[in-house]
$ cat query-v2.txt   # compact mmCIF, C-alpha atoms
# COMPACT_ATOMS: atom_id res chain seq x y z
CA MET A 1 -16.27 25.33 4.84
CA ARG A 2 -13.41 25.96 2.43
CA ILE A 3 -10.83 24.67 4.92
CA ALA A 4 -12.80 21.46 5.49
CA LEU A 5 -12.92 20.85 1.73
CA ILE A 6 -9.17 21.43 1.45
CA ILE A 7 -8.49 19.03 4.35
CA ILE A 8 -10.62 16.30 2.76
CA GLN A 9 -8.96 16.79 -0.62
CA THR A 10 -5.47 16.75 0.90
CA LEU A 11 -6.13 13.61 2.95
CA ALA A 12 -7.53 11.82 -0.09
CA GLN A 13 -4.50 12.80 -2.17
CA VAL A 14 -2.04 11.70 0.52
CA LEU A 15 -3.81 8.35 0.92
CA SER A 16 -3.89 7.86 -2.85
CA VAL A 17 -0.18 8.58 -3.16
CA LEU A 18 0.59 6.19 -0.30
CA VAL A 19 -1.42 3.42 -1.97
CA ILE A 20 0.47 3.95 -5.23
CA ILE A 21 3.85 4.05 -3.46
CA HIS A 22 2.94 0.92 -1.49
CA SER A 23 2.08 -0.90 -4.70
CA LEU A 24 5.24 0.19 -6.50
CA LEU A 25 7.51 -0.64 -3.57
CA SER A 26 6.12 -4.16 -3.48
CA PHE A 27 7.90 -4.75 -6.80
CA ILE A 28 11.19 -3.16 -5.73
CA LEU A 29 11.82 -3.64 -2.02
CA PRO A 30 11.79 -6.83 0.04
CA PHE A 31 8.83 -7.43 2.33
CA ASP A 32 10.77 -6.66 5.52
CA HIS A 33 12.25 -3.33 4.37
CA PRO A 34 11.57 -0.57 6.97
CA VAL A 35 10.08 1.88 4.46
CA ARG A 36 7.73 -0.73 3.09
CA LEU A 37 6.73 -1.81 6.60
CA ALA A 38 6.01 1.80 7.65
CA ILE A 39 3.78 2.48 4.66
CA GLY A 40 2.21 -0.96 5.07
CA LYS A 41 1.12 -0.12 8.62
CA ILE A 42 -1.00 2.68 7.16
CA ILE A 43 -2.25 1.04 3.97
CA ASP A 44 -2.57 -2.67 4.82
CA PRO A 45 -5.48 -2.26 7.28
CA MET A 46 -7.45 -0.61 4.48
CA LEU A 47 -6.44 -3.24 1.91
CA GLN A 48 -7.17 -6.36 3.99
CA PRO A 49 -11.01 -6.18 3.84
CA ILE A 50 -10.82 -5.51 0.11
CA ARG A 51 -8.42 -8.43 -0.40
CA ARG A 52 -10.94 -10.74 1.29
CA MET A 53 -13.59 -9.74 -1.25
CA VAL A 54 -11.45 -9.26 -4.38
CA ARG A 55 -9.26 -12.28 -5.01
CA PRO A 56 -6.12 -11.98 -7.16
CA VAL A 57 -6.74 -12.70 -10.84
CA GLY A 58 -3.88 -14.38 -12.66
CA GLY A 59 -1.51 -13.40 -9.87
CA LEU A 60 -2.49 -9.72 -10.03
CA ASP A 61 -3.84 -8.03 -6.92
CA PHE A 62 -6.50 -5.49 -7.85
CA SER A 63 -7.21 -4.40 -4.26
CA PRO A 64 -5.05 -1.23 -4.50
CA MET A 65 -7.08 -0.09 -7.52
CA VAL A 66 -10.32 -0.77 -5.65
CA LEU A 67 -8.99 1.18 -2.65
CA LEU A 68 -8.07 4.13 -4.89
CA LEU A 69 -11.59 4.10 -6.29
CA LEU A 70 -13.10 3.97 -2.79
CA ILE A 71 -10.91 6.88 -1.65
CA TYR A 72 -12.06 8.90 -4.64
CA VAL A 73 -15.74 8.11 -4.00
CA ALA A 74 -15.41 8.89 -0.28
CA GLU A 75 -13.73 12.20 -1.11
CA ILE A 76 -16.56 13.23 -3.42
CA LEU A 77 -19.27 12.13 -0.99
CA LEU A 78 -17.66 13.98 1.95
CA GLN A 79 -17.21 17.12 -0.11
CA GLN A 80 -20.85 17.01 -1.23
CA LEU A 81 -21.96 16.46 2.36
CA ILE A 82 -20.00 19.47 3.59
CA VAL A 83 -21.34 21.66 0.79
CA ALA A 84 -24.89 20.53 1.61
CA ILE A 85 -24.45 21.23 5.33
CA PHE A 86 -22.96 24.67 4.90

$ encode --input "query-v2.txt" --output "structure tokens"
Amino acid sequence: MRIALIIIQTLAQVLSVLVIIHSLLSFILPFDHPVRLAIGKIIDPMLQPIRRMVRPVGGLDFSPMVLLLLIYVAEILLQQLIVAIF
């Protein structure tokens, strides 16, 4: 049980860091930079459904913040599920 909780926590942290890096790199690197494209292949499929529901406000894209919140909620729910099962 402990290992499953650690795996869930680690995956959530890695995804959260990737979302933050993806957001920061969008200000620094051009769209076609290889690093940005590699991280985008991981993060963009998760952001696209959120972007369809949450439109940019004043030119600001809030979808990365929504994704971070969803990752956090999913982490808590999965941890609670594992604790309840075991």

$ atom_distance --input "query-v2.txt" --atom1 "atom CA of Leu60 of chain A" --atom2 "atom CA of Ser23 of chain A"
11.3 Å

$ atom_distance --input "query-v2.txt" --atom1 "atom CA of Leu69 of chain A" --atom2 "atom CA of Phe86 of chain A"
26.0 Å

$ residues_around --input "query-v2.txt" --residues "Ala74 of chain A" --least-positions-apart "3" --cutoff "12 Å" --atoms "all atoms listed in the file" --output "count of residues only"
17

$ residues_around --input "query-v2.txt" --residues "segment 26-29 of chain A" --least-positions-apart "6" --cutoff "12 Å" --atoms "only C-alpha atoms" --output "list in words"
Val19, Ile20, Val35, Arg36, Leu37, Ile39, Gly40, Leu60, Asp61 and Pro64 of chain A

$ closest_residue --input "query-v2.txt" --among "A:Val66, A:Ala38, A:Leu5, A:Val83" --to "Arg51 of chain A" --atoms "only C-alpha atoms"
A:Val66

$ atom_distance --input "query-v2.txt" --atom1 "atom CA of Leu25 of chain A" --atom2 "atom CA of Ile6 of chain A"
28.1 Å

$ closest_residue --input "query-v2.txt" --among "A:Met65, A:Met1, A:Ile7, A:Leu18" --to "Lys41 of chain A" --atoms "only C-alpha atoms"
A:Leu18
